[in-house]
Amino acid sequence: MNLEQKVNLGGADIYLEALGVESQLELVGDIREIARAAPLYSPETRFGKKMSVRLTSAGNCGWMSDRRGYRYEPKHPRGTDWPPIPQSLLDIWNAIAPDARQPDCALINFYGEGARMGLHQDNDEADYSQPVVSVSLGDDGLFRIGGTERGGKTVSHWLRSGEVLVLGGEARLAYHGVDRVKHGTSTLLPDGGRINITMRVVT
Ligand code: SIN
Ligand code: MN
């Protein structure tokens with residue numbers, strides 16, 4: 001892993017060219033396996049609107065959303081356990097956050113044509129001293145980050161395949177989202193699209 005090219009975006013660290021193509025392909029293989037065991041689904045937001053991303057999780061718990069709200073669940077909606085977080089992802093976590101606790105959820109988001117993610121905080125976890133580590137694969141995604149209050153100033157960056165972003169410290173509770181994905185910017189995924197994996201310590 002290459003941790004040499006670190007830039008700051010609104011308090012978040014972004015490691016550019018962190019993962020080479022071989023590592024990215026290995027991750028895609030691991031994620032396909034997770035999605036086979038725990039199929040992608042499109043949940044509703046708590047306002048009853050269907051999310052445009054499809055998602056699944058690995059780890060002790062998975063992130064879930066419906067009209068009852070946002071939360072982590074010990075089982076996939078099908079009633080099965082979530083697959084374990086693959087070593088390829090744990091290696092990234094340990095390289096980026098060697099002093100942190102081990103993550104208990106890797107949330108996997110798949111952005112197909114037209115998918116986006118509105119500005120939100122990652123605040124369904126118990127311990128905000130622990131970072132969220134985010135890995136981007138496939139097509140470029142326009143990531144936007146602001147402060148800890150909704151409606152403040154934001155800055156943007158096109159997250160490219162192989163980049164790793166960390167929401168930690170002051171930026172742990174920053175509002176963030178993905179405005180759009182530029183299809184055809186990467187050849188990593190044969191059918192295009194963007195995968196984002198966020199690892200979190202939940203408890
Ligand atoms: C997220 O906030 O869960 C996803 C961020 C991203 O797709 O880069
Ligand atoms: Mn998030």
# chains A, B, ... in the order shown; residues from 1 in each chain; ligands from 1
>>> residues_around(residues="range 19-36 of chain A", least_positions_apart="5", cutoff="12 Å", atoms="only C-alpha atoms", output="JSON, numbers by chain")
{"A": [1, 2, 3, 4, 5, 41, 54, 55, 56, 57, 58, 59, 76, 81, 82, 83, 84, 85, 86, 87, 88, 89, 90, 91, 92, 95, 106, 107, 108, 109, 110, 135, 136, 137, 138, 160, 161, 162, 163, 164, 165, 186, 187, 188, 189, 190, 194, 195, 196, 197]}
>>> residues_around(residues="Leu167 in chain A", least_positions_apart="4", cutoff="7 Å", atoms="only C-alpha atoms", output="ChimeraX atom specification")
/A:12,131-133,171-172
>>> residues_around(residues="Ala100 in chain A", least_positions_apart="6", cutoff="10 Å", atoms="only C-alpha atoms", output="CSV table (one decimal) with N, CA, C and O atoms, in the first residue's frame")
chain,number,residue,atom,x,y,z
A,93,TRP,N,-7.2,-1.2,6.7
A,93,TRP,CA,-7.6,-0.6,8.0
A,93,TRP,C,-6.3,-0.5,8.9
A,93,TRP,O,-6.0,0.5,9.4
A,94,ASN,N,-5.6,-1.6,9.0
A,94,ASN,CA,-4.5,-1.7,9.9
A,94,ASN,C,-3.3,-0.8,9.5
A,94,ASN,O,-2.6,-0.2,10.3
A,129,SER,N,-14.4,8.2,18.6
A,129,SER,CA,-12.9,8.4,18.6
A,129,SER,C,-12.3,7.4,17.5
A,129,SER,O,-11.1,7.5,17.2
A,130,GLN,N,-13.1,6.5,17.0
A,130,GLN,CA,-12.6,5.5,16.0
A,130,GLN,C,-12.9,6.1,14.6
A,130,GLN,O,-14.0,6.6,14.4
A,131,PRO,N,-12.0,5.9,13.7
A,131,PRO,CA,-12.2,6.5,12.3
A,131,PRO,C,-13.2,5.7,11.5
A,131,PRO,O,-13.5,4.5,11.8
A,201,VAL,N,-15.9,1.0,13.2
A,201,VAL,CA,-16.1,0.4,14.5
A,201,VAL,C,-17.5,0.8,15.0
A,201,VAL,O,-17.7,2.0,15.1
>>> closest_atom_pairs(of="chain A", to="ligand 2", cutoff="9 Å", atoms="only C-alpha atoms and all ligand atoms", output="JSON lines")
{"residue": "A:Met117", "atom": "CA", "partner": "ligand 2", "partner_atom_place_in_ligand_line": "1 (Mn)", "distance": 8.5}
{"residue": "A:Leu119", "atom": "CA", "partner": "ligand 2", "partner_atom_place_in_ligand_line": "1 (Mn)", "distance": 8.2}
{"residue": "A:His120", "atom": "CA", "partner": "ligand 2", "partner_atom_place_in_ligand_line": "1 (Mn)", "distance": 6.3}
{"residue": "A:Gln121", "atom": "CA", "partner": "ligand 2", "partner_atom_place_in_ligand_line": "1 (Mn)", "distance": 6.0}
{"residue": "A:Asp122", "atom": "CA", "partner": "ligand 2", "partner_atom_place_in_ligand_line": "1 (Mn)", "distance": 4.9}
{"residue": "A:Asn123", "atom": "CA", "partner": "ligand 2", "partner_atom_place_in_ligand_line": "1 (Mn)", "distance": 8.6}
{"residue": "A:Val132", "atom": "CA", "partner": "ligand 2", "partner_atom_place_in_ligand_line": "1 (Mn)", "distance": 8.5}
{"residue": "A:Ser134", "atom": "CA", "partner": "ligand 2", "partner_atom_place_in_ligand_line": "1 (Mn)", "distance": 8.8}
{"residue": "A:Tyr175", "atom": "CA", "partner": "ligand 2", "partner_atom_place_in_ligand_line": "1 (Mn)", "distance": 8.0}
{"residue": "A:His176", "atom": "CA", "partner": "ligand 2", "partner_atom_place_in_ligand_line": "1 (Mn)", "distance": 6.3}
{"residue": "A:Gly177", "atom": "CA", "partner": "ligand 2", "partner_atom_place_in_ligand_line": "1 (Mn)", "distance": 6.6}
{"residue": "A:Thr198", "atom": "CA", "partner": "ligand 2", "partner_atom_place_in_ligand_line": "1 (Mn)", "distance": 7.6}
>>> atom_distance(atom1="CA of Arg78 in chain A", atom2="CA of Cys61 in chain A")
13.5 Å
>>> select_by_dssp(residues="range 27-197 of chain A", states="strand (DSSP E or B)", output="VMD selection string")
chain A and resid 41 44 50 54 to 59 62 to 66 69 to 73 75 81 105 to 111 117 to 120 132 to 138 140 to 145 155 to 159 164 to 167 176 to 182 194 to 197
>>> atom_distance(atom1="CA of Glu170 in chain A", atom2="CA of Arg200 in chain A")
16.2 Å
>>> residues_around(residues="Asp66 in chain A", least_positions_apart="4", cutoff="6 Å", atoms="only C-alpha atoms", output="compact mmCIF listing (two decimals) with N, CA and C atoms, in the first residue's frame")
# COMPACT_ATOMS: atom_id res chain seq x y z
N GLU A 44 -34.83 1.67 1.89
CA GLU A 44 -35.51 2.97 1.92
C GLU A 44 -34.84 3.83 2.99
N THR A 45 -34.83 5.13 2.76
CA THR A 45 -34.38 6.04 3.82
C THR A 45 -35.47 6.07 4.90
N ARG A 46 -35.19 6.74 6.00
CA ARG A 46 -36.23 6.76 7.03
C ARG A 46 -37.40 7.64 6.62
>>> atom_distance(atom1="CA of Val166 in chain A", atom2="CA of Ile14 in chain A")
6.4 Å
>>> select_by_dssp(residues="range 1-199 of chain A", states="helix (DSSP H, G or I)", output="VMD selection string")
chain A and resid 21 to 37 87 to 96 169 to 171
